[in-house]
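Dropping work21.pdb in here (PDB, C-alpha atoms):
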ATOM      1  CA  MET A 327       0.841  23.193 -26.673
ATOM      2  CA  ASN A 328       0.864  20.187 -24.352
ATOM      3  CA  LYS A 329      -1.532  17.329 -25.036
ATOM      4  CA  MET A 330      -4.518  17.213 -22.669
ATOM      5  CA  TYR A 331      -5.263  13.766 -21.205
ATOM      6  CA  ASP A 332      -8.656  12.683 -19.921
ATOM      7  CA  THR A 333      -6.914  11.155 -16.939
ATOM      8  CA  ILE A 334      -3.396  10.287 -15.787
ATOM      9  CA  ILE A 335      -2.762   7.306 -13.517
ATOM     10  CA  ILE A 336       0.179   7.806 -11.164
ATOM     11  CA  GLY A 337       1.537   4.421 -10.048
ATOM     12  CA  SER A 338       1.697   0.992 -11.685
ATOM     13  CA  GLY A 339       0.930  -1.312  -8.772
ATOM     14  CA  SER A 340      -2.217  -3.395  -8.444
ATOM     15  CA  ALA A 341      -4.427  -0.325  -8.052
ATOM     16  CA  GLY A 342      -2.929   1.627 -10.938
ATOM     17  CA  LEU A 343      -2.965  -1.318 -13.331
ATOM     18  CA  SER A 344      -6.561  -2.144 -12.492
ATOM     19  CA  ALA A 345      -7.536   1.484 -13.093
ATOM     20  CA  ALA A 346      -5.694   1.324 -16.431
ATOM     21  CA  VAL A 347      -7.713  -1.690 -17.572
ATOM     22  CA  TYR A 348     -10.988   0.085 -16.942
ATOM     23  CA  ALA A 349      -9.774   3.390 -18.352
ATOM     24  CA  LYS A 350      -9.115   1.456 -21.572
ATOM     25  CA  ARG A 351     -12.578  -0.085 -21.436
ATOM     26  CA  ALA A 352     -13.975   3.430 -21.076
ATOM     27  CA  VAL A 353     -11.949   4.536 -24.154
ATOM     28  CA  LEU A 354     -10.266   7.302 -22.194
ATOM     29  CA  ASN A 355      -7.206   9.139 -23.402
ATOM     30  CA  PHE A 356      -4.753   8.372 -20.569
ATOM     31  CA  ILE A 357      -1.252   7.353 -19.584
ATOM     32  CA  VAL A 358       0.272   5.497 -16.614
ATOM     33  CA  ILE A 359       3.284   7.130 -14.964
ATOM     34  CA  GLU A 360       5.569   4.685 -13.148
ATOM     35  CA  LYS A 361       8.618   5.499 -11.092
ATOM     36  CA  GLU A 362      10.238   2.091 -11.661
ATOM     37  CA  TYR A 363      10.577   0.407 -15.035
ATOM     38  CA  MET A 364       8.034  -2.403 -15.553
ATOM     39  CA  GLY A 365       6.883  -2.062 -11.942
ATOM     40  CA  THR A 366       3.949  -3.960 -10.444
ATOM     41  CA  GLY A 367       4.016  -2.610  -6.884
ATOM     42  CA  GLN A 368       4.197  -4.339  -3.527
ATOM     43  CA  ILE A 369       2.264  -7.395  -4.716
ATOM     44  CA  ALA A 370       5.585  -8.557  -6.187
ATOM     45  CA  GLU A 371       6.919  -8.967  -2.634
ATOM     46  CA  SER A 372       4.216 -11.455  -1.621
ATOM     47  CA  GLY A 373       5.344 -15.064  -1.698
ATOM     48  CA  ARG A 374       1.832 -16.456  -2.024
ATOM     49  CA  VAL A 375      -1.605 -14.892  -2.501
ATOM     50  CA  ASP A 376      -4.568 -16.953  -1.307
ATOM     51  CA  ASN A 377      -7.341 -14.343  -1.359
ATOM     52  CA  TYR A 378      -7.556 -13.396  -5.035
ATOM     53  CA  LEU A 379     -10.578 -15.110  -6.549
ATOM     54  CA  GLY A 380      -9.769 -17.646  -9.258
ATOM     55  CA  LEU A 381      -6.002 -17.575  -8.730
ATOM     56  CA  TYR A 382      -5.597 -19.377  -5.409
ATOM     57  CA  GLY A 383      -2.010 -19.826  -4.246
ATOM     58  CA  GLU A 384      -0.531 -17.646  -6.974
ATOM     59  CA  ASN A 385       2.977 -16.328  -6.401
ATOM     60  CA  GLY A 386       2.800 -12.579  -5.749
ATOM     61  CA  PHE A 387       5.434 -11.718  -8.346
ATOM     62  CA  ASP A 388       3.691 -13.791 -11.024
ATOM     63  CA  LEU A 389       0.312 -12.302 -10.134
ATOM     64  CA  GLY A 390       1.715  -8.795 -10.504
ATOM     65  CA  GLU A 391       3.119  -9.722 -13.912
ATOM     66  CA  LYS A 392      -0.320 -10.976 -14.976
ATOM     67  CA  PHE A 393      -1.848  -7.676 -13.906
ATOM     68  CA  ARG A 394       0.649  -5.807 -16.048
ATOM     69  CA  GLU A 395       0.260  -8.152 -19.023
ATOM     70  CA  HIS A 396      -3.478  -7.548 -18.906
ATOM     71  CA  ALA A 397      -3.025  -3.774 -19.029
ATOM     72  CA  GLU A 398      -0.397  -4.031 -21.774
ATOM     73  CA  ALA A 399      -2.567  -6.344 -23.874
ATOM     74  CA  LEU A 400      -5.187  -3.603 -24.027
ATOM     75  CA  GLY A 401      -2.604  -1.127 -25.273
ATOM     76  CA  THR A 402      -1.954   0.834 -22.103
ATOM     77  CA  GLU A 403       0.771   3.456 -22.513
ATOM     78  CA  PHE A 404       3.382   3.620 -19.740
ATOM     79  CA  LEU A 405       5.826   6.409 -19.002
ATOM     80  CA  GLU A 406       8.840   5.754 -16.766
ATOM     81  CA  SER A 407       9.372   8.942 -14.789
ATOM     82  CA  GLU A 408       8.941  10.456 -11.341
ATOM     83  CA  VAL A 409       6.231  12.990 -10.610
ATOM     84  CA  ILE A 410       7.772  16.060  -8.956
ATOM     85  CA  SER A 411       4.641  18.136  -8.417
ATOM     86  CA  ILE A 412       0.920  18.365  -9.124
ATOM     87  CA  VAL A 413      -0.667  21.792  -9.542
ATOM     88  CA  LYS A 414      -4.325  22.579 -10.067
ATOM     89  CA  ASP A 415      -4.667  24.899 -13.085
ATOM     90  CA  GLY A 416      -8.231  25.978 -13.718
ATOM     91  CA  ASN A 417     -10.157  22.902 -14.842
ATOM     92  CA  ALA A 418      -7.003  20.852 -15.334
ATOM     93  CA  TYR A 419      -3.920  19.596 -13.497
ATOM     94  CA  LYS A 420      -0.302  20.267 -14.408
ATOM     95  CA  ILE A 421       2.014  17.346 -13.619
ATOM     96  CA  ALA A 422       5.726  18.154 -13.550
ATOM     97  CA  LEU A 423       8.114  15.232 -14.171
ATOM     98  CA  SER A 424      11.725  14.550 -13.212
ATOM     99  CA  ASP A 425      12.909  15.053 -16.811
ATOM    100  CA  ASN A 426      11.608  18.653 -16.671
ATOM    101  CA  SER A 427       8.663  17.856 -18.937
ATOM    102  CA  GLU A 428       5.073  18.680 -18.058
ATOM    103  CA  LEU A 429       1.760  16.893 -18.678
ATOM    104  CA  LEU A 430      -1.790  18.235 -18.598
ATOM    105  CA  THR A 431      -4.826  16.219 -17.543
ATOM    106  CA  LYS A 432      -8.489  16.740 -16.711
ATOM    107  CA  SER A 433      -8.307  14.253 -13.842
ATOM    108  CA  ILE A 434      -5.877  12.087 -11.852
ATOM    109  CA  VAL A 435      -5.988   8.570 -10.459
ATOM    110  CA  PHE A 436      -3.489   8.629  -7.599
ATOM    111  CA  ALA A 437      -2.145   5.112  -6.946
ATOM    112  CA  THR A 438       1.296   5.552  -5.412
ATOM    113  CA  GLY A 439       0.987   3.086  -2.529
ATOM    114  CA  ALA A 440       2.920   3.271   0.739
ATOM    115  CA  ASN A 441       6.286   2.348   2.240
ATOM    116  CA  PRO A 442       6.965   0.414   5.465
ATOM    117  CA  ARG A 443       7.165   2.623   8.529
ATOM    118  CA  LYS A 444      10.638   2.632  10.132
ATOM    119  CA  LEU A 445      11.242   1.890  13.820
ATOM    120  CA  GLY A 446      13.295   5.039  14.161
ATOM    121  CA  ILE A 447      15.940   3.545  16.457
ATOM    122  CA  LYS A 448      19.736   3.450  16.499
ATOM    123  CA  GLY A 449      21.248   0.769  14.261
ATOM    124  CA  GLU A 450      18.181   0.406  12.051
ATOM    125  CA  GLU A 451      19.591   2.134   8.978
ATOM    126  CA  GLU A 452      23.057   0.661   9.528
ATOM    127  CA  PHE A 453      21.785  -2.922   9.481
ATOM    128  CA  SER A 454      19.031  -2.559   6.905
ATOM    129  CA  GLY A 455      19.483  -5.559   4.621
ATOM    130  CA  LYS A 456      21.995  -7.023   7.114
ATOM    131  CA  GLY A 457      19.500  -8.389   9.602
ATOM    132  CA  VAL A 458      16.832  -5.666   9.535
ATOM    133  CA  SER A 459      13.913  -6.323   7.215
ATOM    134  CA  TYR A 460      10.441  -4.984   6.521
ATOM    135  CA  CYS A 461       9.172  -8.004   4.611
ATOM    136  CA  ALA A 462       9.020 -11.441   6.238
ATOM    137  CA  VAL A 463       7.705 -12.982   3.022
ATOM    138  CA  CYS A 464      10.703 -11.637   1.102
ATOM    139  CA  ASP A 465      13.488 -12.356   3.586
ATOM    140  CA  GLY A 466      12.167 -14.996   5.980
ATOM    141  CA  ALA A 467      13.841 -17.855   4.131
ATOM    142  CA  PHE A 468      17.266 -16.461   5.059
ATOM    143  CA  TYR A 469      16.606 -17.143   8.750
ATOM    144  CA  LYS A 470      15.984 -20.870   8.755
ATOM    145  CA  ASP A 471      16.859 -22.364  12.160
ATOM    146  CA  LYS A 472      17.783 -18.909  13.470
ATOM    147  CA  VAL A 473      16.301 -16.561  16.071
ATOM    148  CA  THR A 474      14.332 -13.520  14.926
ATOM    149  CA  ALA A 475      12.116 -10.797  16.345
ATOM    150  CA  VAL A 476       9.018  -9.206  14.858
ATOM    151  CA  VAL A 477       8.141  -5.731  16.117
ATOM    152  CA  GLY A 478       4.473  -4.768  15.950
ATOM    153  CA  GLY A 479       1.027  -5.687  17.198
ATOM    154  CA  GLY A 480      -1.300  -5.648  14.209
ATOM    155  CA  ASP A 481      -2.373  -8.330  11.761
ATOM    156  CA  THR A 482       0.761  -7.960   9.653
ATOM    157  CA  ALA A 483       3.094  -8.380  12.636
ATOM    158  CA  LEU A 484       1.325 -11.513  13.865
ATOM    159  CA  GLU A 485       1.138 -12.973  10.369
ATOM    160  CA  ASP A 486       4.868 -12.332   9.958
ATOM    161  CA  ALA A 487       5.578 -14.046  13.289
ATOM    162  CA  LEU A 488       3.568 -17.093  12.240
ATOM    163  CA  LEU A 489       5.309 -17.251   8.878
ATOM    164  CA  LEU A 490       8.746 -17.046  10.494
ATOM    165  CA  SER A 491       7.830 -19.618  13.145
ATOM    166  CA  LYS A 492       7.607 -22.270  10.434
ATOM    167  CA  THR A 493      11.339 -22.048   9.713
ATOM    168  CA  CYS A 494      12.951 -20.125  12.569
ATOM    169  CA  LYS A 495      14.148 -21.753  15.765
ATOM    170  CA  LYS A 496      12.510 -18.997  17.790
ATOM    171  CA  VAL A 497      10.530 -15.818  17.127
ATOM    172  CA  TYR A 498      10.174 -12.969  19.611
ATOM    173  CA  LEU A 499       7.024 -10.920  19.069
ATOM    174  CA  VAL A 500       7.754  -7.479  20.521
ATOM    175  CA  HIS A 501       4.830  -5.132  21.129
ATOM    176  CA  ARG A 502       4.659  -1.851  23.006
ATOM    177  CA  ARG A 503       1.287  -2.586  24.635
ATOM    178  CA  ASP A 504      -0.045  -5.432  26.784
ATOM    179  CA  GLU A 505      -2.503  -6.554  24.130
ATOM    180  CA  PHE A 506      -2.498  -6.838  20.344
ATOM    181  CA  ARG A 507      -4.583  -4.950  17.797
ATOM    182  CA  ALA A 508      -4.711  -7.974  15.494
ATOM    183  CA  ASN A 509      -7.889  -9.987  15.074
ATOM    184  CA  LYS A 510      -8.650 -12.463  17.866
ATOM    185  CA  ALA A 511      -8.466 -15.575  15.710
ATOM    186  CA  LEU A 512      -4.947 -14.655  14.635
ATOM    187  CA  GLN A 513      -3.964 -13.890  18.215
ATOM    188  CA  ASN A 514      -5.141 -17.332  19.349
ATOM    189  CA  VAL A 515      -3.001 -19.065  16.728
ATOM    190  CA  VAL A 516       0.062 -17.004  17.673
ATOM    191  CA  LYS A 517      -0.380 -17.660  21.381
ATOM    192  CA  SER A 518      -0.603 -21.402  20.768
ATOM    193  CA  THR A 519       2.561 -21.515  18.645
ATOM    194  CA  GLU A 520       5.344 -22.939  20.798
ATOM    195  CA  ASN A 521       8.326 -21.178  19.253
ATOM    196  CA  ILE A 522       6.765 -17.688  19.376
ATOM    197  CA  GLU A 523       7.564 -15.811  22.581
ATOM    198  CA  LEU A 524       5.468 -12.747  23.388
ATOM    199  CA  VAL A 525       7.426  -9.728  24.631
ATOM    200  CA  LEU A 526       4.742  -7.242  25.691
ATOM    201  CA  ASN A 527       4.923  -3.737  27.101
ATOM    202  CA  ALA A 528       8.245  -3.455  25.319
ATOM    203  CA  LYS A 529       9.697  -0.896  22.920
ATOM    204  CA  PRO A 530      12.723  -1.505  20.699
ATOM    205  CA  ALA A 531      15.569   0.826  21.682
ATOM    206  CA  GLU A 532      18.600  -0.176  19.609
ATOM    207  CA  ILE A 533      19.745  -2.746  17.070
ATOM    208  CA  ILE A 534      23.281  -3.952  17.751
ATOM    209  CA  GLY A 535      25.755  -5.981  15.740
ATOM    210  CA  ASP A 536      29.075  -6.077  13.942
ATOM    211  CA  LYS A 537      28.698  -6.982  10.280
ATOM    212  CA  LYS A 538      25.189  -8.272  10.917
ATOM    213  CA  VAL A 539      22.535  -8.049  13.618
ATOM    214  CA  THR A 540      23.268  -9.882  16.871
ATOM    215  CA  PHE A 541      21.167  -8.114  19.522
ATOM    216  CA  LEU A 542      17.978  -6.118  19.931
ATOM    217  CA  LYS A 543      17.934  -3.857  22.948
ATOM    218  CA  ILE A 544      14.433  -3.239  24.312
ATOM    219  CA  LEU A 545      12.857  -1.224  27.092
ATOM    220  CA  GLN A 546      10.258  -3.378  28.867
ATOM    221  CA  ASN A 547       8.289  -1.960  31.793
ATOM    222  CA  ASP A 548      11.001   0.702  32.146
ATOM    223  CA  GLU A 549      13.662  -2.006  32.392
ATOM    224  CA  GLU A 550      16.370  -2.375  29.748
ATOM    225  CA  LYS A 551      16.780  -5.879  28.306
ATOM    226  CA  THR A 552      18.711  -7.417  25.438
ATOM    227  CA  LEU A 553      17.467 -10.133  23.071
ATOM    228  CA  THR A 554      20.086 -12.253  21.331
ATOM    229  CA  LEU A 555      18.988 -12.890  17.761
ATOM    230  CA  ASP A 556      19.868 -12.937  14.089
ATOM    231  CA  GLY A 557      17.224 -10.733  12.520
ATOM    232  CA  VAL A 558      14.658  -8.027  13.244
ATOM    233  CA  PHE A 559      11.474  -7.665  11.204
ATOM    234  CA  ALA A 560       9.644  -4.343  11.539
ATOM    235  CA  ALA A 561       5.866  -4.486  11.053
ATOM    236  CA  VAL A 562       4.673  -1.212  12.535
ATOM    237  CA  GLY A 563       2.529   0.085   9.716
ATOM    238  CA  THR A 564       3.128   2.043   6.560
ATOM    239  CA  VAL A 565       3.788   5.613   5.482
ATOM    240  CA  PRO A 566       1.639   6.729   2.532
ATOM    241  CA  ASN A 567       3.346   8.176  -0.522
ATOM    242  CA  SER A 568       0.986  11.134  -0.420
ATOM    243  CA  LYS A 569       3.312  14.148  -0.303
ATOM    244  CA  LEU A 570       2.262  15.131  -3.818
ATOM    245  CA  LEU A 571      -1.321  15.563  -2.620
ATOM    246  CA  LYS A 572      -0.487  18.259  -0.083
ATOM    247  CA  GLY A 573      -2.269  21.425  -1.036
ATOM    248  CA  ILE A 574      -4.740  19.746  -3.384
ATOM    249  CA  ALA A 575      -6.276  17.090  -1.112
ATOM    250  CA  GLU A 576      -7.154  16.958   2.565
ATOM    251  CA  LEU A 577      -4.764  14.690   4.493
ATOM    252  CA  ASP A 578      -4.948  13.491   8.068
ATOM    253  CA  SER A 579      -2.119  13.757  10.598
ATOM    254  CA  SER A 580      -0.532  10.522   9.317
ATOM    255  CA  GLY A 581      -0.530  11.629   5.703
ATOM    256  CA  TYR A 582      -3.503   9.519   4.660
ATOM    257  CA  GLU A 583      -6.213  11.178   2.656
ATOM    258  CA  ILE A 584      -9.567  11.884   4.273
ATOM    259  CA  TYR A 585     -11.811   9.263   2.713
ATOM    260  CA  LEU A 586     -15.296   7.821   2.881
ATOM    261  CA  LYS A 587     -16.138   4.705   4.888
ATOM    262  CA  PRO A 588     -17.055   1.573   2.852
ATOM    263  CA  ALA A 589     -20.756   1.951   3.610
ATOM    264  CA  SER A 590     -20.833   5.521   2.291
ATOM    265  CA  LEU A 591     -20.887   4.841  -1.437
ATOM    266  CA  TYR A 592     -22.914   7.937  -2.228
ATOM    267  CA  LEU A 593     -22.107  11.587  -1.622
ATOM    268  CA  GLN A 594     -24.498  14.360  -0.799
ATOM    269  CA  PRO A 595     -26.124  16.158  -3.767
ATOM    270  CA  GLY A 596     -23.935  18.890  -5.188
ATOM    271  CA  LYS A 597     -20.590  17.044  -5.290
ATOM    272  CA  GLU A 598     -18.176  16.531  -8.168
ATOM    273  CA  TRP A 599     -14.912  14.589  -8.510
ATOM    274  CA  ASP A 600     -11.775  15.010 -10.564
ATOM    275  CA  LEU A 601      -9.124  13.556  -8.241
ATOM    276  CA  PHE A 602      -9.381   9.832  -7.458
ATOM    277  CA  SER A 603      -7.107   8.117  -4.948
ATOM    278  CA  VAL A 604      -6.657   4.378  -4.665
ATOM    279  CA  SER A 605      -4.116   1.946  -3.154
ATOM    280  CA  ASP A 606      -2.319   2.044   0.204
ATOM    281  CA  ALA A 607      -1.445   5.704  -0.365
ATOM    282  CA  VAL A 608      -4.794   6.748   1.000
ATOM    283  CA  ALA A 609      -6.378   3.807   2.870
ATOM    284  CA  ALA A 610      -5.217   3.721   6.468
ATOM    285  CA  LYS A 611      -5.456   0.646   8.717
ATOM    286  CA  GLY A 612      -6.641  -1.610   5.903
ATOM    287  CA  GLU A 613      -9.990   0.150   5.552
ATOM    288  CA  VAL A 614     -11.586   0.579   2.154
ATOM    289  CA  PHE A 615     -11.095   3.879   0.359
ATOM    290  CA  ILE A 616     -13.538   5.368  -2.099
ATOM    291  CA  GLY A 617     -12.064   8.671  -3.292
ATOM    292  CA  TYR A 618     -11.358  12.359  -2.739
ATOM    293  CA  LYS A 619     -14.350  14.664  -2.323
ATOM    294  CA  LYS A 620     -14.530  17.973  -4.150
ATOM    295  CA  THR A 621     -17.535  20.081  -5.176
ATOM    296  CA  GLY A 622     -20.197  18.996  -7.642
ATOM    297  CA  LYS A 623     -22.954  16.416  -7.778
ATOM    298  CA  ASP A 624     -24.108  12.778  -7.975
ATOM    299  CA  PRO A 625     -22.619   9.562  -6.509
ATOM    300  CA  VAL A 626     -19.030   8.419  -6.592
ATOM    301  CA  VAL A 627     -17.976   8.217 -10.236
ATOM    302  CA  ASN A 628     -14.829   7.732 -12.253
ATOM    303  CA  PRO A 629     -13.418  10.174 -14.848
ATOM    304  CA  GLN A 630     -15.417   8.504 -17.631
ATOM    305  CA  LYS A 631     -18.594  10.194 -16.448
ATOM    306  CA  MET A 632     -17.177  13.653 -17.010
ATOM    307  CA  PHE A 633     -15.753  12.955 -20.460
ATOM    308  CA  ARG A 634     -18.163  10.449 -21.984
ATOM    309  CA  GLY A 635     -21.430  11.396 -20.320
ATOM    310  CA  ARG A 636     -21.848   7.909 -18.843
ATOM    311  CA  ARG A 637     -22.091   7.201 -15.150
ATOM    312  CA  THR A 638     -19.522   4.706 -13.902
ATOM    313  CA  ARG A 639     -19.206   4.098 -10.181
ATOM    314  CA  LEU A 640     -15.819   3.657  -8.523
ATOM    315  CA  TYR A 641     -15.417   0.577  -6.335
ATOM    316  CA  VAL A 642     -12.442  -0.403  -4.201
ATOM    317  CA  GLU A 643     -12.170  -3.999  -3.040
ATOM    318  CA  PRO A 644     -10.987  -4.595   0.548
ATOM    319  CA  GLY A 645      -7.638  -6.221   1.225
ATOM    320  CA  ASP A 646      -4.342  -5.948  -0.619
ATOM    321  CA  SER A 647      -5.471  -2.743  -2.386
ATOM    322  CA  PHE A 648      -6.906  -4.635  -5.323
ATOM    323  CA  VAL A 649      -9.046  -2.031  -7.047
ATOM    324  CA  VAL A 650     -11.991  -2.708  -9.352
ATOM    325  CA  LEU A 651     -13.718  -0.026 -11.391
ATOM    326  CA  ALA A 652     -17.043  -1.475 -12.578
ATOM    327  CA  GLU A 653     -19.237  -0.099 -15.361
ATOM    328  CA  ASP A 654     -22.300  -1.380 -13.548
ATOM    329  CA  PRO A 655     -22.786  -2.622  -9.964
ATOM    330  CA  SER A 656     -24.195  -5.889 -11.303
ATOM    331  CA  VAL A 657     -20.761  -6.998 -12.499
ATOM    332  CA  ARG A 658     -19.488  -7.319  -8.941
TER     333      ARG A 658
END
Structure rendered as structure tokens:
Amino acid sequence: MNKMYDTIIIGSGSAGLSAAVYAKRAVLNFIVIEKEYMGTGQIAESGRVDNYLGLYGENGFDLGEKFREHAEALGTEFLESEVISIVKDGNAYKIALSDNSELLTKSIVFATGANPRKLGIKGEEEFSGKGVSYCAVCDGAFYKDKVTAVVGGGDTALEDALLLSKTCKKVYLVHRRDEFRANKALQNVVKSTENIELVLNAKPAEIIGDKKVTFLKILQNDEEKTLTLDGVFAAVGTVPNSKLLKGIAELDSSGYEIYLKPASLYLQPGKEWDLFSVSDAVAAKGEVFIGYKKTGKDPVVNPQKMFRGRRTRLYVEPGDSFVVLAEDPSVR
């Protein structure tokens, strides 16, 4: 008979590792399933992290390693495998893995993150890694004194344009609307940066090149134009890795889970939880995610409440999907 876990954490990025630390503190019987060996998630792709308290200016890769070391030091068990399916079975969940094995758990912490959304245009796949990138922090250094374009209009796109402007000769900022969604302060900085050229009301149509990218064809105000450049950085949002939740959780049209707003920390009486979702997999547009609502009672809690009889609230910190599960609100 398969071993029954108190909870299984799917994903070993910042959210999953943080959940693991507090699952250990709660003395839960759990395991962390990771698709990639010794993974630490997307934090590893950040060149510098300035908004993590106490570790100002830390390299993203090193910070991710510290997260993992913390979880490992507490004795967290990791399993390298890919989850194929999740099926609700009475009061438990059956998790099928890529090696044809199966795990049973009373609850799940879903922390699978998200992937960059593709532009969906001709030439994108062909030149991926040859002038097409989805991470300015990762690949920006390769374009020193060259011409690049960033496609997007949110905070990430404008931040990428600013980062590239420090080393690139010129940066085109291509956006499909006539105004940006990014915060005003960021917009003001971008607009005052001399080597960033705004290309508004424009949609990318095709990426062209030989062995590497040389042109970006755009459609601006119904007129076709061509930008001569060396690289294209796509920053048009993310696609949540939430396919496994279909059928067991309510997802919106973009694949994000229906979640509570930050101010709504408490549920209505008569609610109960056994599926908890954290990370970019379920928090759209950078908003804070609390969890997945089922039937039952009391405020938002983590699996410890069900198995140890103690109430532990689930908190998710805004920004970068850093997740904190606190035994008491006073520790925040």
Practice task
Could you expand the PyMOL selection byres ((chain A and resi 432) around 6) into the explicit residues it covers here, written as a list in words?
Solution key: Asp332, Thr333, Ala418, Thr431 and Ser433 of chain A
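Atom pair CA of Val476 in chain A / CA of Asn385 in chain A: separated by 23.2 Å.
Taking CA of Leu430 in chain A and CA of Gly365 in chain A as the two end points, the separation is 23.1 Å.
Residues matched by the PyMOL selection byres ((chain A and resi 412) around 7) in this file are Ser411, Val413, Lys414, Tyr419, Lys420, Ile421, Ala422 and Leu570 of chain A.
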Exercise for the section: Name the residues in contact with range 437-450 of chain A at a cut-off of 10 Å, using all atoms listed in the file, excluding same-chain residues fewer than 4 positions from it; report them as a VMD selection string. Expected result: chain A and resid 335 to 343 345 358 to 361 367 to 368 454 to 461 477 to 478 529 to 535 539 542 to 543 558 to 568 570 582 602 to 610 647 649
Suppose we keep C-alpha atoms; can you now write the selection as a compact mmCIF listing (two decimals), in the frame of the given file?
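After the write, out-v1.txt holds the following:
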# COMPACT_ATOMS: atom_id res chain seq x y z
CA ILE A 335 -2.76 7.31 -13.52
CA ILE A 336 0.18 7.81 -11.16
CA GLY A 337 1.54 4.42 -10.05
CA SER A 338 1.70 0.99 -11.68
CA GLY A 339 0.93 -1.31 -8.77
CA SER A 340 -2.22 -3.40 -8.44
CA ALA A 341 -4.43 -0.32 -8.05
CA GLY A 342 -2.93 1.63 -10.94
CA LEU A 343 -2.96 -1.32 -13.33
CA ALA A 345 -7.54 1.48 -13.09
CA VAL A 358 0.27 5.50 -16.61
CA ILE A 359 3.28 7.13 -14.96
CA GLU A 360 5.57 4.68 -13.15
CA LYS A 361 8.62 5.50 -11.09
CA GLY A 367 4.02 -2.61 -6.88
CA GLN A 368 4.20 -4.34 -3.53
CA SER A 454 19.03 -2.56 6.90
CA GLY A 455 19.48 -5.56 4.62
CA LYS A 456 22.00 -7.02 7.11
CA GLY A 457 19.50 -8.39 9.60
CA VAL A 458 16.83 -5.67 9.54
CA SER A 459 13.91 -6.32 7.22
CA TYR A 460 10.44 -4.98 6.52
CA CYS A 461 9.17 -8.00 4.61
CA VAL A 477 8.14 -5.73 16.12
CA GLY A 478 4.47 -4.77 15.95
CA LYS A 529 9.70 -0.90 22.92
CA PRO A 530 12.72 -1.50 20.70
CA ALA A 531 15.57 0.83 21.68
CA GLU A 532 18.60 -0.18 19.61
CA ILE A 533 19.74 -2.75 17.07
CA ILE A 534 23.28 -3.95 17.75
CA GLY A 535 25.76 -5.98 15.74
CA VAL A 539 22.54 -8.05 13.62
CA LEU A 542 17.98 -6.12 19.93
CA LYS A 543 17.93 -3.86 22.95
CA VAL A 558 14.66 -8.03 13.24
CA PHE A 559 11.47 -7.66 11.20
CA ALA A 560 9.64 -4.34 11.54
CA ALA A 561 5.87 -4.49 11.05
CA VAL A 562 4.67 -1.21 12.54
CA GLY A 563 2.53 0.08 9.72
CA THR A 564 3.13 2.04 6.56
CA VAL A 565 3.79 5.61 5.48
CA PRO A 566 1.64 6.73 2.53
CA ASN A 567 3.35 8.18 -0.52
CA SER A 568 0.99 11.13 -0.42
CA LEU A 570 2.26 15.13 -3.82
CA TYR A 582 -3.50 9.52 4.66
CA PHE A 602 -9.38 9.83 -7.46
CA SER A 603 -7.11 8.12 -4.95
CA VAL A 604 -6.66 4.38 -4.66
CA SER A 605 -4.12 1.95 -3.15
CA ASP A 606 -2.32 2.04 0.20
CA ALA A 607 -1.44 5.70 -0.36
CA VAL A 608 -4.79 6.75 1.00
CA ALA A 609 -6.38 3.81 2.87
CA ALA A 610 -5.22 3.72 6.47
CA SER A 647 -5.47 -2.74 -2.39
CA VAL A 649 -9.05 -2.03 -7.05
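Nearest to Asn514 in chain A of all the residues A:Leu484, A:Ala467, A:Ile410, A:Ser491 is A:Leu484, counting only C-alpha atoms.
Take CA of Asp388 in chain A and CA of Leu405 in chain A: the distance between them is 21.8 Å.
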Kindly assemble as a Markdown table a list of the range 487-513 of chain A residues that lie within 10 Å of range 544-556 of chain A, each paired with its nearest atom pair and their distance in Å to one decimal, using all atoms listed in the file, sorted first by chain and then by ascending residue number.
| residue | atom | partner | partner_atom | distance |
| --- | --- | --- | --- | --- |
| A:Lys496 | CA | A:Leu555 | CA | 8.9 |
| A:Val497 | CA | A:Leu555 | CA | 9.0 |
| A:Tyr498 | CA | A:Leu553 | CA | 8.6 |
| A:Val500 | CA | A:Ile544 | CA | 8.8 |
| A:His501 | CA | A:Gln546 | CA | 9.6 |
| A:Arg502 | CA | A:Gln546 | CA | 8.2 |
| A:Arg503 | CA | A:Gln546 | CA | 10.0 |
Handout entry: Target residues per the PyMOL selection byres ((chain A and resi 494) around 12), formatted as a count of residues only
Key = 31
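Of the listed residues (A:Asp415, A:Glu384, A:Glu403, A:Glu428), A:Glu428 comes nearest to Asn328 in chain A; the distances count all atoms listed in the file.
Of the residues listed (A:Val435, A:Ala528, A:Leu379, A:Ala397), A:Ala397 shows the shortest atom-to-atom separation from Lys350 in chain A; distances use all atoms listed in the file.
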Please give the centre and size of the box around range 506-519 of chain A (axis-aligned, containing every atom listed in the file, 4 Å added per side), with values in Å to one decimal and written as AutoDock Vina command-line options.
--center_x -3.0 --center_y -13.2 --center_z 18.0 --size_x 19.2 --size_y 24.6 --size_z 14.7
Practice task
Check the smallest atom-to-atom distance from each of A:Ala483, A:Leu381, A:Leu389, A:Ala349 to Ile434 in chain A using only C-alpha atoms, then report the winner.
Solution key: A:Ala349
